[in-house]
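Enquirer: This is the structure, below, for whatever I ask next.
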Amino acid sequence: MLVLHRENGEFEHRCVADLPGMLTPGDLLVLNDTRVLPARIHGSWDDTGGRVEVLLLEEQEPGLWQAMLRSARSRRAGCRLVLAQGNLRGVVEHDCGGGRVLIRFDAGQALEDLLDKYGVPPVPPYIKRTAEASGKVQMDRERYQTVYARVPGAVAAPTAGLHFTEELLEGIGRRGVDRTFLTLHVGPGTFRPVKTESTEEHLMESERYSIDARAADTIKRTSTSGGRVVAVGSTTVRALEAVASERGEITACAGRTELFIVPPYDFRVVDAMLTNFHLPRSTLLMMVCAFAGAREGPDSEQGMRMMMSAYREAVRERYRFYSYGDCMLIL
């Protein structure tokens with residue numbers, strides 16, 4: 001764990017096990033309790049037998065799912081699919097473009113049960129998995145999920161949370177640091193690279209979030225009492241700052257957000273964050289640059305300089321990047 005102190009730009013090289021000692025009694029840890037669906041399923045076209053891979057993204061209405069579909073043939077409306085070893089059948093209702101479709105599944109099928117039995121965790125494509133690697137797929141079912149995951153709906157894990165164990169959470173609690181949960185269902189848009197010339201032209205996909213009354217009250221109480229709100233992961237930051245920007249404060253609510261945090265940005269809620277290392281041109285890297293420069297008010301140049309310096313340090317020290325990689329604590 002690389003620790004970045006924003007007040008002076010200094011680094012510390014620590015382990016995640018040191019996290020309790022980096023926090024102060026009265027701080028609050030906010031975690032995203034979304035649960036990753038084993039939403040990648042394999043099968044074939046009913047008429048040709050050609051191979052198909054489907055990644056279910058979100059249910060639009062009962063039985064109708066938006067999905068990403070990989071196939072050598074076109075995705076015409078009316079084409080029928082046979083998935084999950086013949087146990088799940090559906091038909092393409094609409095080609096949305098960009099590899100996305102709407103699929104209507106046959107009524108009466110228990111989709112969640114079929115996913116639990118035949119679905120594959122949607123780990124990122126740089127983690128190579130084959131149908132024959134059943135042992136690694138089972139490992140992903142266990143490891144590509146936070147220990148506190150509760151609400152099904154994500155197609156990617158909130159990876160900063162993967163560093164936590166029950167023992168670590170207990171140690172943080174003994175330190176006098178409280179914790180609370182919100183839900184933001186991570187979608188594929190979070191990881192879509194920025195390809196436009198300016199950030200204003202990049203379109204963020206909306207993601208669903210919810211914050212209950214207990215979490216909202218705990219966050220407000222921490223802020224008013226002088227404790228720090230420590231967000232675990234960029235998804236937690238996004239949900240908190242979206243609610244604060246739309247409503248003026250954290251309140252119990254549910255909705256969707258398209259918030260794209262880029263430097264300079266005036267953070268209203270989050271005082272510290274734990275995050276993994278991110279790819280160039282990603283919306284996540286832009287968020288952490290904004291946060292690095294926001295301690296004394298929004299400063300885009302300072303934040304980017306500080307974060308690039310931190311990333312160079314991480315590369316020199318051979319930190320691991322990506323989903324199963326190391327993390328950074330930004331104080």
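Simple scheme: letters A, B, ... for chains in structure tokens order, numbers from 1 for residues in each chain, numbers from 1 for ligands in the order shown.
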What parts of segment 107-305 of chain A does DSSP call strand (DSSP E or B)? I'd like the answer as a CSV table (one decimal) with C-alpha atoms, in the first residue's frame.
Expert:
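See selection-v8.csv below for the written result:
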chain,number,residue,atom,x,y,z
A,120,VAL,CA,-18.8,-17.0,-14.9
A,151,VAL,CA,-26.5,-6.5,-2.9
A,152,PRO,CA,-26.4,-8.3,-6.3
A,153,GLY,CA,-26.1,-6.1,-9.4
A,154,ALA,CA,-22.5,-5.3,-10.4
A,178,ASP,CA,-16.8,3.1,12.5
A,179,ARG,CA,-17.9,1.8,9.1
A,180,THR,CA,-21.0,2.1,7.0
A,181,PHE,CA,-22.1,0.9,3.6
A,182,LEU,CA,-23.7,2.3,0.4
A,183,THR,CA,-24.4,0.5,-2.9
A,184,LEU,CA,-23.2,1.5,-6.3
A,207,GLU,CA,-24.8,3.7,-12.6
A,208,ARG,CA,-27.4,2.8,-10.0
A,209,TYR,CA,-26.7,3.8,-6.4
A,210,SER,CA,-28.5,3.8,-3.0
A,211,ILE,CA,-27.8,5.2,0.4
A,229,VAL,CA,-15.0,10.3,5.8
A,230,VAL,CA,-12.7,7.6,4.3
A,231,ALA,CA,-14.1,6.3,1.0
A,232,VAL,CA,-13.0,2.8,0.0
A,253,CYS,CA,-31.8,8.3,-1.5
A,254,ALA,CA,-31.5,6.0,-4.6
A,255,GLY,CA,-31.0,6.9,-8.2
A,256,ARG,CA,-28.5,6.9,-11.1
A,257,THR,CA,-25.5,9.1,-11.6
A,272,ALA,CA,-9.5,10.4,2.3
A,273,MET,CA,-9.7,7.5,-0.1
A,274,LEU,CA,-8.3,4.0,-0.6
A,275,THR,CA,-8.0,3.1,-4.3
A,276,ASN,CA,-6.2,0.7,-6.6
A,295,ARG,CA,-7.0,19.3,-0.1
A,297,GLY,CA,-9.3,23.8,-2.7
Enquirer: Once DSSP has gone over the backbone, tell me which residues of segment 163-321 of chain A are in alpha helix (DSSP H), as an NGL selection string.
Expert: :A and (166-174 or 213-224 or 234-247 or 283-292 or 300-316)
Enquirer: Using atom CA of His202 of chain A and atom CA of Thr251 of chain A as the two end points, give the distance in Å to one decimal.
Expert: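 Computed distance, atom CA of His202 of chain A to atom CA of Thr251 of chain A, equals 28.4 Å.
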Enquirer: What lies within 6 Å of Gly176 of chain A using only C-alpha atoms, ignoring chain neighbours under 2 positions off, as a compact mmCIF listing (two decimals) with N, CA and C atoms, in the first residue's frame?
Expert:
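Output below, filename selection32.txt:
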# COMPACT_ATOMS: atom_id res chain seq x y z
N PRO A 25 -9.24 7.42 15.56
CA PRO A 25 -10.56 7.24 16.20
C PRO A 25 -11.49 8.39 15.85
N GLY A 173 -12.17 -1.57 13.50
CA GLY A 173 -13.19 -1.27 14.50
C GLY A 173 -12.60 -1.09 15.88
N ARG A 174 -11.63 -1.93 16.23
CA ARG A 174 -10.99 -1.80 17.55
C ARG A 174 -10.22 -0.49 17.67
Enquirer: Can you work out which one of A:Glu170, A:Val177, A:Gly99, A:Gln85 has the shortest atom-to-atom distance to Met22 of chain A, counting only C-alpha atoms?
Expert: A:Val177
Enquirer: Show me, as a tab-separated table, the residues of segment 150-174 of chain A having an atom within 8 Å of segment 26-33 of chain A, each with the closest atom pair and its distance in Å, using only C-alpha atoms.
Expert:
residue	atom	partner	partner_atom	distance
A:Arg150	CA	A:Asp33	CA	5.4
A:Val151	CA	A:Asp33	CA	6.3
A:Pro158	CA	A:Asn32	CA	7.0
A:Gly161	CA	A:Leu31	CA	7.3
Enquirer: Grab the residues selected above and save them as a short mmCIF file (atom, residue, chain, number, x, y, z; two decimals), in the first residue's frame with N, CA and C atoms.
Expert:
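Heads up, here's the output in out.cif:
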data_model
loop_
_atom_site.label_atom_id
_atom_site.label_comp_id
_atom_site.auth_asym_id
_atom_site.auth_seq_id
_atom_site.Cartn_x
_atom_site.Cartn_y
_atom_site.Cartn_z
N ARG A 150 -23.07 -7.65 -0.66
CA ARG A 150 -24.41 -8.02 -0.18
C ARG A 150 -25.50 -7.85 -1.22
N VAL A 151 -25.44 -6.80 -2.04
CA VAL A 151 -26.55 -6.46 -2.94
C VAL A 151 -26.15 -6.82 -4.38
N PRO A 158 -15.85 -3.68 -6.98
CA PRO A 158 -15.22 -2.46 -6.47
C PRO A 158 -13.87 -2.85 -5.88
N GLY A 161 -12.02 -2.64 -2.41
CA GLY A 161 -12.57 -3.43 -1.31
C GLY A 161 -12.04 -4.84 -1.25
#
